[in-house]
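**Q** Contents of work_9.pdb (PDB, C-alpha atoms and all ligand atoms) are below:
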ATOM      1  CA  MET D 180     113.690 -92.413 200.770
ATOM      2  CA  TRP D 181     116.622 -91.329 198.696
ATOM      3  CA  GLU D 182     116.573 -94.556 196.753
ATOM      4  CA  PRO D 183     114.925 -93.130 193.624
ATOM      5  CA  LEU D 184     117.839 -90.746 193.230
ATOM      6  CA  ALA D 185     120.461 -93.386 193.544
ATOM      7  CA  GLN D 186     118.935 -96.219 191.641
ATOM      8  CA  ALA D 187     120.338 -97.503 188.405
ATOM      9  CA  ARG D 188     116.954 -97.923 186.832
ATOM     10  CA  HIS D 189     116.397 -98.491 183.185
ATOM     11  CA  GLU D 190     114.223-100.634 181.032
ATOM     12  CA  GLY D 191     115.113-104.278 181.223
ATOM     13  CA  THR D 192     117.034-104.195 184.476
ATOM     14  CA  ALA D 193     114.680-102.260 186.732
ATOM     15  CA  GLY D 194     115.209-103.401 190.269
ATOM     16  CA  VAL D 195     118.457-105.257 189.595
ATOM     17  CA  ARG D 196     120.414-102.946 191.879
ATOM     18  CA  LYS D 197     117.556-102.397 194.274
ATOM     19  CA  GLY D 198     118.594-102.674 197.862
ATOM     20  CA  ALA D 199     122.318-103.006 197.170
ATOM     21  CA  GLY D 200     123.794-102.016 200.531
ATOM     22  CA  ASP D 201     120.838 -99.799 201.028
ATOM     23  CA  THR D 202     118.489-101.297 203.543
ATOM     24  CA  THR D 203     119.190 -99.265 206.629
ATOM     25  CA  GLY D 204     117.706 -95.919 205.627
ATOM     26  CA  PRO D 205     119.420 -92.648 205.088
ATOM     27  CA  ALA D 206     120.466 -91.498 208.579
ATOM     28  CA  GLY D 207     124.196 -91.114 209.070
ATOM     29  CA  ARG D 208     125.076 -92.355 205.642
ATOM     30  CA  ALA D 209     128.107 -91.245 203.702
ATOM     31  CA  VAL D 210     127.469 -90.786 200.033
ATOM     32  CA  GLY D 211     129.712 -89.652 197.208
ATOM     33  CA  LEU D 212     128.206 -87.995 194.168
ATOM     34  CA  MET D 213     130.277 -88.177 191.020
ATOM     35  CA  GLY D 214     128.881 -85.714 188.523
ATOM     36  CA  GLY D 215     130.022 -85.482 184.954
ATOM     37  CA  THR D 216     129.096 -85.373 181.326
ATOM     38  CA  PHE D 217     130.392 -88.937 180.974
ATOM     39  CA  ASP D 218     130.615 -88.674 177.187
ATOM     40  CA  PRO D 219     131.818 -91.383 177.592
ATOM     41  CA  ILE D 220     132.516 -92.574 181.136
ATOM     42  CA  HIS D 221     136.082 -93.919 181.358
ATOM     43  CA  ILE D 222     138.371 -95.619 183.840
ATOM     44  CA  GLY D 223     139.679 -92.257 185.124
ATOM     45  CA  HIS D 224     136.182 -91.619 186.520
ATOM     46  CA  LEU D 225     135.868 -95.142 187.912
ATOM     47  CA  VAL D 226     139.281 -95.217 189.602
ATOM     48  CA  THR D 227     138.653 -91.782 191.129
ATOM     49  CA  ALA D 228     135.291 -92.894 192.542
ATOM     50  CA  GLU D 229     136.715 -96.136 193.918
ATOM     51  CA  VAL D 230     139.651 -94.411 195.641
ATOM     52  CA  ALA D 231     137.258 -91.806 197.122
ATOM     53  CA  TRP D 232     134.908 -94.570 198.300
ATOM     54  CA  GLN D 233     137.726 -96.283 200.160
ATOM     55  CA  HIS D 234     139.483 -93.191 201.482
ATOM     56  CA  PHE D 235     136.380 -91.421 202.803
ATOM     57  CA  GLN D 236     134.626 -94.610 203.912
ATOM     58  CA  LEU D 237     131.603 -93.934 201.773
ATOM     59  CA  ASP D 238     128.621 -96.255 201.716
ATOM     60  CA  ARG D 239     128.232 -95.711 198.026
ATOM     61  CA  VAL D 240     129.085 -93.540 195.096
ATOM     62  CA  VAL D 241     126.286 -92.350 192.863
ATOM     63  CA  PHE D 242     127.282 -91.342 189.346
ATOM     64  CA  VAL D 243     125.115 -88.514 188.047
ATOM     65  CA  PRO D 244     125.346 -87.945 184.299
ATOM     66  CA  SER D 245     124.367 -84.392 183.446
ATOM     67  CA  GLY D 246     121.265 -83.601 181.443
ATOM     68  CA  SER D 247     122.221 -80.747 179.216
ATOM     69  CA  PRO D 248     125.549 -79.503 180.572
ATOM     70  CA  PRO D 249     125.831 -75.690 180.612
ATOM     71  CA  HIS D 250     129.632 -75.873 180.502
ATOM     72  CA  LYS D 251     129.692 -77.856 177.296
ATOM     73  CA  ALA D 252     127.345 -75.720 175.240
ATOM     74  CA  ASN D 253     130.148 -75.204 172.698
ATOM     75  CA  ARG D 254     130.071 -78.767 171.431
ATOM     76  CA  ALA D 255     127.411 -81.301 170.645
ATOM     77  CA  VAL D 256     127.106 -83.564 173.635
ATOM     78  CA  SER D 257     125.776 -87.065 173.051
ATOM     79  CA  ASP D 258     122.190 -87.762 173.919
ATOM     80  CA  ALA D 259     121.674 -87.961 177.693
ATOM     81  CA  GLN D 260     120.150 -91.419 177.347
ATOM     82  CA  HIS D 261     123.340 -92.771 175.725
ATOM     83  CA  ARG D 262     125.494 -91.193 178.429
ATOM     84  CA  TYR D 263     123.262 -92.529 181.175
ATOM     85  CA  LEU D 264     123.236 -96.051 179.736
ATOM     86  CA  MET D 265     127.034 -96.082 179.379
ATOM     87  CA  THR D 266     127.229 -94.994 183.021
ATOM     88  CA  VAL D 267     124.974 -97.877 184.033
ATOM     89  CA  LEU D 268     127.080-100.330 182.019
ATOM     90  CA  ALA D 269     130.281 -99.059 183.623
ATOM     91  CA  THR D 270     129.002 -99.173 187.192
ATOM     92  CA  VAL D 271     126.733-102.207 187.266
ATOM     93  CA  ASP D 272     129.357-104.716 188.422
ATOM     94  CA  ASN D 273     130.391-102.671 191.466
ATOM     95  CA  PRO D 274     128.069-103.179 194.454
ATOM     96  CA  HIS D 275     128.758 -99.727 195.901
ATOM     97  CA  PHE D 276     128.391 -97.824 192.633
ATOM     98  CA  SER D 277     125.109 -96.779 191.082
ATOM     99  CA  ALA D 278     123.868 -94.418 188.402
ATOM    100  CA  SER D 279     121.201 -91.775 188.856
ATOM    101  CA  ARG D 280     118.781 -90.441 186.262
ATOM    102  CA  VAL D 281     118.004 -87.359 188.302
ATOM    103  CA  GLU D 282     119.643 -84.834 185.943
ATOM    104  CA  VAL D 283     118.742 -86.707 182.801
ATOM    105  CA  ASP D 284     115.071 -86.746 183.791
ATOM    106  CA  ARG D 285     115.018 -83.176 185.048
ATOM    107  CA  GLY D 286     115.726 -81.965 181.521
ATOM    108  CA  GLY D 287     116.947 -78.521 180.616
ATOM    109  CA  GLU D 288     120.264 -77.216 181.855
ATOM    110  CA  SER D 289     121.957 -79.194 184.605
ATOM    111  CA  PHE D 290     123.116 -77.330 187.654
ATOM    112  CA  THR D 291     125.082 -79.243 190.253
ATOM    113  CA  VAL D 292     123.606 -77.183 193.078
ATOM    114  CA  ASP D 293     120.063 -78.329 192.186
ATOM    115  CA  THR D 294     121.171 -81.948 192.187
ATOM    116  CA  VAL D 295     123.093 -81.706 195.438
ATOM    117  CA  ARG D 296     120.159 -79.913 197.079
ATOM    118  CA  GLU D 297     117.901 -82.762 196.026
ATOM    119  CA  PHE D 298     120.248 -85.409 197.418
ATOM    120  CA  ARG D 299     120.680 -83.444 200.627
ATOM    121  CA  ARG D 300     116.922 -83.208 201.058
ATOM    122  CA  HIS D 301     116.515 -86.960 200.592
ATOM    123  CA  LEU D 302     119.500 -87.957 202.702
ATOM    124  CA  GLY D 303     118.836 -85.588 205.594
ATOM    125  CA  GLU D 304     121.157 -83.314 207.511
ATOM    126  CA  GLU D 305     123.037 -86.139 209.250
ATOM    127  CA  ALA D 306     124.382 -87.715 206.109
ATOM    128  CA  ARG D 307     127.919 -87.013 204.989
ATOM    129  CA  LEU D 308     127.695 -85.880 201.397
ATOM    130  CA  TYR D 309     130.718 -85.490 199.121
ATOM    131  CA  PHE D 310     130.763 -84.198 195.603
ATOM    132  CA  ILE D 311     133.647 -85.918 193.828
ATOM    133  CA  THR D 312     135.439 -84.065 191.051
ATOM    134  CA  GLY D 313     138.798 -83.828 189.378
ATOM    135  CA  LEU D 314     140.990 -80.860 190.276
ATOM    136  CA  ASP D 315     140.153 -79.177 186.984
ATOM    137  CA  ALA D 316     136.464 -79.137 187.822
ATOM    138  CA  VAL D 317     136.824 -77.850 191.371
ATOM    139  CA  LEU D 318     139.092 -75.010 190.234
ATOM    140  CA  ASP D 319     136.258 -73.975 187.973
ATOM    141  CA  ILE D 320     133.655 -73.905 190.726
ATOM    142  CA  LEU D 321     133.301 -70.114 190.797
ATOM    143  CA  SER D 322     131.703 -70.302 187.378
ATOM    144  CA  TRP D 323     129.091 -72.758 188.663
ATOM    145  CA  LYS D 324     125.693 -71.713 189.928
ATOM    146  CA  ASP D 325     125.674 -70.766 193.653
ATOM    147  CA  PRO D 326     129.130 -72.129 194.588
ATOM    148  CA  ARG D 327     128.861 -71.092 198.248
ATOM    149  CA  GLU D 328     125.521 -72.798 198.731
ATOM    150  CA  LEU D 329     126.982 -75.834 197.021
ATOM    151  CA  LEU D 330     129.831 -75.971 199.524
ATOM    152  CA  ASN D 331     127.364 -75.604 202.387
ATOM    153  CA  LEU D 332     125.340 -78.537 201.145
ATOM    154  CA  SER D 333     128.234 -80.868 200.450
ATOM    155  CA  SER D 334     131.945 -81.317 200.940
ATOM    156  CA  PHE D 335     134.081 -81.630 197.837
ATOM    157  CA  ILE D 336     136.687 -84.201 196.963
ATOM    158  CA  ALA D 337     139.189 -82.829 194.455
ATOM    159  CA  ALA D 338     141.078 -85.684 192.831
ATOM    160  CA  THR D 339     144.499 -85.154 191.321
ATOM    161  CA  ARG D 340     144.453 -85.267 187.555
ATOM    162  CA  PRO D 341     147.440 -85.208 185.186
ATOM    163  CA  GLY D 342     147.866 -81.775 183.640
ATOM    164  CA  PHE D 343     146.143 -79.898 186.471
ATOM    165  CA  SER D 344     148.012 -78.453 189.435
ATOM    166  CA  SER D 345     146.538 -77.695 192.832
ATOM    167  CA  ASP D 346     148.193 -74.243 192.874
ATOM    168  CA  GLY D 347     144.877 -72.566 192.141
ATOM    169  CA  LEU D 348     143.215 -73.975 195.252
ATOM    170  CA  ARG D 349     144.578 -71.292 197.555
ATOM    171  CA  ALA D 350     143.301 -68.528 195.265
ATOM    172  CA  LEU D 351     139.973 -70.294 195.127
ATOM    173  CA  GLY D 352     139.809 -70.330 198.918
ATOM    174  CA  THR D 353     140.475 -66.608 199.038
ATOM    175  CA  ALA D 354     137.818 -65.945 196.421
ATOM    176  CA  LEU D 355     135.235 -68.065 198.200
ATOM    177  CA  GLY D 356     136.094 -66.770 201.684
ATOM    178  CA  GLY D 357     134.582 -67.920 204.952
ATOM    179  CA  GLY D 358     136.658 -71.078 205.370
ATOM    180  CA  ALA D 359     134.997 -72.629 202.337
ATOM    181  CA  LEU D 360     138.200 -74.414 201.427
ATOM    182  CA  GLU D 361     137.970 -76.543 204.552
ATOM    183  CA  ARG D 362     135.172 -78.312 202.752
ATOM    184  CA  VAL D 363     137.434 -79.205 199.833
ATOM    185  CA  HIS D 364     139.514 -82.319 200.371
ATOM    186  CA  GLN D 365     142.333 -83.141 198.014
ATOM    187  CA  LEU D 366     142.655 -86.781 197.057
ATOM    188  CA  GLU D 367     145.625 -88.439 195.425
ATOM    189  CA  VAL D 368     144.492 -90.922 192.789
ATOM    190  CA  PRO D 369     146.671 -92.978 190.432
ATOM    191  CA  ALA D 370     147.501 -90.709 187.520
ATOM    192  CA  LEU D 371     145.412 -91.569 184.508
ATOM    193  CA  ALA D 372     145.888 -89.152 181.646
ATOM    194  CA  ILE D 373     142.560 -90.158 180.194
ATOM    195  CA  SER D 374     139.756 -87.844 179.165
ATOM    196  CA  SER D 375     136.459 -88.300 177.397
ATOM    197  CA  SER D 376     137.633 -85.800 174.750
ATOM    198  CA  ASP D 377     140.634 -87.967 173.987
ATOM    199  CA  ILE D 378     138.462 -91.069 173.789
ATOM    200  CA  ARG D 379     136.078 -89.344 171.365
ATOM    201  CA  ARG D 380     139.058 -88.290 169.220
ATOM    202  CA  ARG D 381     140.439 -91.808 169.253
ATOM    203  CA  VAL D 382     137.143 -93.306 168.140
ATOM    204  CA  ALA D 383     136.828 -90.729 165.346
ATOM    205  CA  ARG D 384     140.330 -91.652 164.122
ATOM    206  CA  GLY D 385     139.777 -95.376 164.431
ATOM    207  CA  GLU D 386     142.332 -95.698 167.220
ATOM    208  CA  PRO D 387     141.833 -98.240 169.997
ATOM    209  CA  ILE D 388     140.037 -97.348 173.210
ATOM    210  CA  ARG D 389     140.274-100.813 174.674
ATOM    211  CA  TYR D 390     141.156-100.739 178.393
ATOM    212  CA  LEU D 391     140.484 -96.974 178.535
ATOM    213  CA  VAL D 392     136.786 -97.656 179.042
ATOM    214  CA  PRO D 393     135.049-100.788 180.355
ATOM    215  CA  ARG D 394     134.493-103.354 177.629
ATOM    216  CA  ALA D 395     130.700-102.937 177.741
ATOM    217  CA  VAL D 396     131.088 -99.184 177.191
ATOM    218  CA  GLU D 397     133.435 -99.784 174.253
ATOM    219  CA  ASN D 398     130.893-102.124 172.694
ATOM    220  CA  TYR D 399     128.085 -99.640 173.308
ATOM    221  CA  ILE D 400     130.035 -96.866 171.540
ATOM    222  CA  TYR D 401     130.615 -98.935 168.419
ATOM    223  CA  LYS D 402     127.146-100.444 168.376
ATOM    224  CA  ASN D 403     125.542 -96.987 168.499
ATOM    225  CA  ASP D 404     128.027 -95.267 166.173
ATOM    226  CA  LEU D 405     128.963 -92.669 168.752
ATOM    227  CA  TYR D 406     131.782 -90.176 168.132
ATOM    228  CA  GLY D 407     131.953 -90.507 164.367
ATOM    229  CA  GLY D 408     133.865 -93.733 164.450
ATOM    230  CA  ALA D 409     131.723 -95.682 161.992
ATOM    231  CA  GLU D 410     133.701 -94.604 158.896
ATOM    232  CA  SER D 411     137.096 -95.137 160.464
ATOM    233  CA  ILE D 412     136.497 -98.558 161.898
ATOM    234  CA  GLY D 413     134.942-100.135 158.828
ATOM    235  CA  SER D 414     133.440-103.514 159.550
ATOM    236  CA  ARG D 415     133.537-102.989 163.302
ATOM    237  CA  GLY D 416     130.981-100.202 162.897
ATOM    238  CA  ALA D 417     127.236-100.029 162.494
ATOM    239  CA  GLY D 418     125.113-102.681 160.944
ATOM    240  CA  TRP D 419     125.986-105.654 163.067
TER
HETATM  241  P1  LIG D 501     135.869 -84.056 178.698
HETATM  242  O1  LIG D 501     137.232 -84.296 178.119
HETATM  243  O2  LIG D 501     134.745 -84.205 177.706
HETATM  244  O3  LIG D 501     135.763 -82.774 179.513
HETATM  245  P2  LIG D 501     136.336 -85.607 181.088
HETATM  246  O4  LIG D 501     137.241 -86.770 180.888
HETATM  247  O5  LIG D 501     136.901 -84.374 181.736
HETATM  248  O6  LIG D 501     135.601 -85.258 179.721
HETATM  249  P3  LIG D 501     133.910 -85.214 182.540
HETATM  250  O7  LIG D 501     132.642 -85.951 182.315
HETATM  251  O8  LIG D 501     134.048 -83.804 182.060
HETATM  252  O9  LIG D 501     135.083 -86.119 181.898
HETATM  253  O10 LIG D 501     134.375 -85.283 184.056
HETATM  254  C1  LIG D 501     133.588 -85.611 185.145
HETATM  255  C2  LIG D 501     134.447 -85.471 186.391
HETATM  256  O11 LIG D 501     135.503 -86.456 186.393
HETATM  257  C3  LIG D 501     135.147 -84.115 186.489
HETATM  258  O12 LIG D 501     135.098 -83.708 187.855
HETATM  259  C4  LIG D 501     136.567 -84.414 186.066
HETATM  260  O13 LIG D 501     137.492 -83.530 186.655
HETATM  261  C5  LIG D 501     136.765 -85.832 186.586
HETATM  262  N1  LIG D 501     137.750 -86.588 185.797
HETATM  263  C6  LIG D 501     137.678 -86.896 184.494
HETATM  264  N2  LIG D 501     138.741 -87.616 184.093
HETATM  265  C7  LIG D 501     139.537 -87.762 185.182
HETATM  266  C8  LIG D 501     140.808 -88.407 185.398
HETATM  267  N3  LIG D 501     141.457 -89.028 184.409
HETATM  268  N4  LIG D 501     141.326 -88.375 186.662
HETATM  269  C9  LIG D 501     140.653 -87.727 187.654
HETATM  270  N5  LIG D 501     139.450 -87.102 187.508
HETATM  271  C10 LIG D 501     138.893 -87.111 186.295
HETATM  272 MG    MG D 502     135.905 -82.506 181.676
END
If you convert what's in this file into C-alpha cells, what do you get?
**A**
Amino acid sequence: MWEPLAQARHEGTAGVRKGAGDTTGPAGRAVGLMGGTFDPIHIGHLVTAEVAWQHFQLDRVVFVPSGSPPHKANRAVSDAQHRYLMTVLATVDNPHFSASRVEVDRGGESFTVDTVREFRRHLGEEARLYFITGLDAVLDILSWKDPRELLNLSSFIAATRPGFSSDGLRALGTALGGGALERVHQLEVPALAISSSDIRRRVARGEPIRYLVPRAVENYIYKNDLYGGAESIGSRGAGW
C-alpha cells in the first residue's frame, strides 16, 4: 500500500503511471528515493537516479520534490506545484521513475527523515530503501533533522558530483559514529557539472538551457516565466 506515496498523480494524467512495475506488493522491494528541491530538475538528477537504479538493482526510483525546503530559506524557491510538475514531466517517460507529492502535500517545512519514515512504514521492514543524493548533500547530513534515525531507516547513495570531493566522508563517519558510514554507498556517476542554480542563472540571462533539462521541462520554464527569463528571452517568453 505504498502506491500513494510513489504515484505521479496530477490533474489530467491521474492513473497514467498506475501499476507501472508495481503489482506485486511491497515485500522485498528495493526502492530509491531521490529527494531534492528540483528548481528545476535537470539531467544531473536523472542520470544519477538511472545509474543508481541499475547499480543497486532497484525496482524503482521515486523523486520527491521538497515542500518548503529548510535549507533554502535564504532564497525564494519556486512554488512547490511548479517543481512537482516539472519533476513529473522529467520522469514520465521512464517506466521505473515516478514522482511523489508526499512533501508537497504535507506542507510546511520538509524534513527528509519524516518522508523516509513514511516510505519505510508503507514499504515494510523487508524492503531495501536507499536515499539517493549527491556527495554535497550527504556531507551536509549532520545539519539535517535526526541524521542517525535517517541512516537507520534507509541506506544512502552518495553520487559523485563535480566540485565536491569525498574527503569529508571519513570525518562524517567519525562524527556519526556507530558504523553509520557502512550505510553510505559511494556511486560513481558520469560527471555532469550541472546545477539548478546554474540553470536559473542561465534562464535569467537568456542563455540556452537546451539539453541541460528535458525538453518538456525547458518548455514549462518558459511557458510559466520561471527564473526571471521573460525579459531576456523576448518573444520566447510569456504570452504565447
Ligand atoms: P541548487 O543549485 O539549487 O542547490 P541542485 O542542482 O543542487 O540545485 P538539488 O535539488 O539541490 O539540485 O539537488 C537534489 C539532489 O541531487 C542533491 O542530493 C544533489 O546533491 C543531487 N545533485 C544535483 N545535481 C547533481 C549532479 N549534477 N550530479 C550528481 N548529483 C546531483
Ligand atoms: Mg543543491
**Q** When the PyMOL selection byres (((not hetatm)) within 8 of (chain D and resi 502)) is applied to the file above, which residues end up in the set, as a list in words?
**A**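 Going through the file, the PyMOL selection byres (((not hetatm)) within 8 of (chain D and resi 502)) ends up selecting Gly215, Thr216, Asp315, Ala316, Ser374, Ser375 and Ser376 of chain D.
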**Q** Grab all the atoms of ligand LIG 501 (chain D) that the file lists, wrap them in a box along x, y and z, add 6 Å per side, and give me centre plus edge lengths in Å (one decimal) as lines of an AutoDock Vina configuration file.
**A**
center_x = 137.0
center_y = -85.9
center_z = 182.8
size_x = 20.8
size_y = 18.3
size_z = 22.1
**Q** Between CA of Glu328 in chain D and CA of Arg208 in chain D, what is the spacing in Å?
**A**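 Calculated distance between CA of Arg208 in chain D and CA of Glu328 in chain D is 20.7 Å.
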**Q** In the coordinates of the file, take the point (138.8, -94.1, 193.6) and a cut-off of 10 Å; then, counting all atoms listed in the file, name each qualifying protein, DNA or RNA residue as a list in words.
**A**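 The residues that fall inside the cut-off are Ile222, Gly223, His224, Leu225, Val226, Thr227, Ala228, Glu229, Val230, Ala231, Trp232, Gln233, His234, Phe235, Val240, Ile311, Ala338, Leu366, Glu367, Val368 and Pro369 of chain D.
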**Q** As JSON, numbers by chain, please: the residues near Ile320 in chain D (cut-off 12 Å, all atoms listed in the file, same-chain neighbours under 3 positions excluded).
**A** {"D": [250, 290, 291, 292, 310, 312, 313, 314, 315, 316, 317, 323, 324, 325, 326, 327, 328, 329, 330, 335, 337, 347, 348, 350, 351, 352, 354, 355, 359, 360, 363]}
**Q** Closest to ligand LIG 501 (chain D) among D:Gly358, D:Gly342, D:Gly207, D:Pro274, using only C-alpha atoms and all ligand atoms?
**A**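 When distances to ligand LIG 501 (chain D) are compared using only C-alpha atoms and all ligand atoms, the smallest one comes from D:Gly342.
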**Q** What does the distance from CA of Asp319 in chain D to atom O12 of ligand LIG 501 (chain D) come to in Å, to one decimal?
**A**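 Distance between the two atoms: 9.8 Å.
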**Q** Taking 6 positions as the minimum chain separation for residues in the same chain, which residues sit within 9 Å of Phe217 in chain D when counting only C-alpha atoms? Answer as a compact mmCIF listing (two decimals) with C-alpha atoms, keeping the file's coordinate frame.
**A**
# COMPACT_ATOMS: atom_id res chain seq x y z
CA HIS D 224 136.18 -91.62 186.52
CA VAL D 243 125.12 -88.51 188.05
CA PRO D 244 125.35 -87.94 184.30
CA SER D 245 124.37 -84.39 183.45
CA ARG D 262 125.49 -91.19 178.43
CA TYR D 263 123.26 -92.53 181.18
CA MET D 265 127.03 -96.08 179.38
CA THR D 266 127.23 -94.99 183.02
CA SER D 375 136.46 -88.30 177.40
**Q** Select, from D:Ser257, D:Asn273, D:Asn403, D:Ser333, the residue with the minimum atom-to-atom distance to ligand LIG 501 (chain D), counting all atoms listed in the file.
**A**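 Looking only at the distances to ligand LIG 501 (chain D), the closest residue turns out to be D:Ser257.
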**Q** Give me, please, the distance in Å between CA of Gly303 in chain D and CA of Ile220 in chain D, quoted to one decimal.
**A** 28.9 Å
**Q** Kindly indicate which residue among D:Leu391, D:Leu318, D:Leu405, D:Ile378 lies nearest to Arg349 in chain D, using all atoms listed in the file for the distances.
**A**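 Selected residue with least distance to Arg349 in chain D: D:Leu318.
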**Q** Starting from the incomplete input, reconstruct N, CA and C atoms of range 377-397 of chain D and report them as a tab-separated table (two decimals), in the coordinates of the input.
**A**
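Dumped everything to part-v6.tsv:
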chain	number	residue	atom	x	y	z
D	377	ASP	N	139.64	-87.15	174.67
D	377	ASP	CA	140.63	-87.97	173.99
D	377	ASP	C	140.00	-89.26	173.46
D	378	ILE	N	139.11	-89.83	174.25
D	378	ILE	CA	138.46	-91.07	173.79
D	378	ILE	C	137.62	-90.80	172.54
D	379	ARG	N	136.89	-89.68	172.55
D	379	ARG	CA	136.08	-89.34	171.36
D	379	ARG	C	136.98	-89.17	170.14
D	380	ARG	N	138.11	-88.49	170.34
D	380	ARG	CA	139.06	-88.29	169.22
D	380	ARG	C	139.58	-89.63	168.72
D	381	ARG	N	139.91	-90.50	169.65
D	381	ARG	CA	140.44	-91.81	169.25
D	381	ARG	C	139.43	-92.58	168.43
D	382	VAL	N	138.18	-92.57	168.87
D	382	VAL	CA	137.14	-93.31	168.14
D	382	VAL	C	137.01	-92.72	166.74
D	383	ALA	N	136.99	-91.38	166.65
D	383	ALA	CA	136.83	-90.73	165.35
D	383	ALA	C	137.96	-91.10	164.39
D	384	ARG	N	139.16	-91.32	164.96
D	384	ARG	CA	140.33	-91.65	164.12
D	384	ARG	C	140.50	-93.14	163.93
D	385	GLY	N	139.65	-93.93	164.55
D	385	GLY	CA	139.78	-95.38	164.43
D	385	GLY	C	140.88	-95.95	165.31
D	386	GLU	N	141.30	-95.20	166.31
D	386	GLU	CA	142.33	-95.70	167.22
D	386	GLU	C	141.68	-96.48	168.36
D	387	PRO	N	142.44	-97.40	168.95
D	387	PRO	CA	141.83	-98.24	170.00
D	387	PRO	C	141.49	-97.48	171.27
D	388	ILE	N	140.40	-97.89	171.89
D	388	ILE	CA	140.04	-97.35	173.21
D	388	ILE	C	139.92	-98.49	174.22
D	389	ARG	N	140.35	-99.66	173.78
D	389	ARG	CA	140.27	-100.81	174.67
D	389	ARG	C	141.10	-100.54	175.93
D	390	TYR	N	140.56	-100.91	177.06
D	390	TYR	CA	141.16	-100.74	178.39
D	390	TYR	C	141.07	-99.30	178.91
D	391	LEU	N	140.69	-98.35	178.05
D	391	LEU	CA	140.48	-96.97	178.54
D	391	LEU	C	139.07	-96.81	179.08
D	392	VAL	N	138.18	-97.63	178.56
D	392	VAL	CA	136.79	-97.66	179.04
D	392	VAL	C	136.44	-99.12	179.31
D	393	PRO	N	135.46	-99.39	180.17
D	393	PRO	CA	135.05	-100.79	180.36
D	393	PRO	C	134.61	-101.39	179.02
D	394	ARG	N	134.79	-102.69	178.89
D	394	ARG	CA	134.49	-103.35	177.63
D	394	ARG	C	133.05	-103.10	177.16
D	395	ALA	N	132.11	-103.13	178.11
D	395	ALA	CA	130.70	-102.94	177.74
D	395	ALA	C	130.47	-101.53	177.17
D	396	VAL	N	131.21	-100.56	177.69
D	396	VAL	CA	131.09	-99.18	177.19
D	396	VAL	C	131.68	-99.10	175.78
D	397	GLU	N	132.82	-99.75	175.59
D	397	GLU	CA	133.44	-99.78	174.25
D	397	GLU	C	132.44	-100.37	173.24
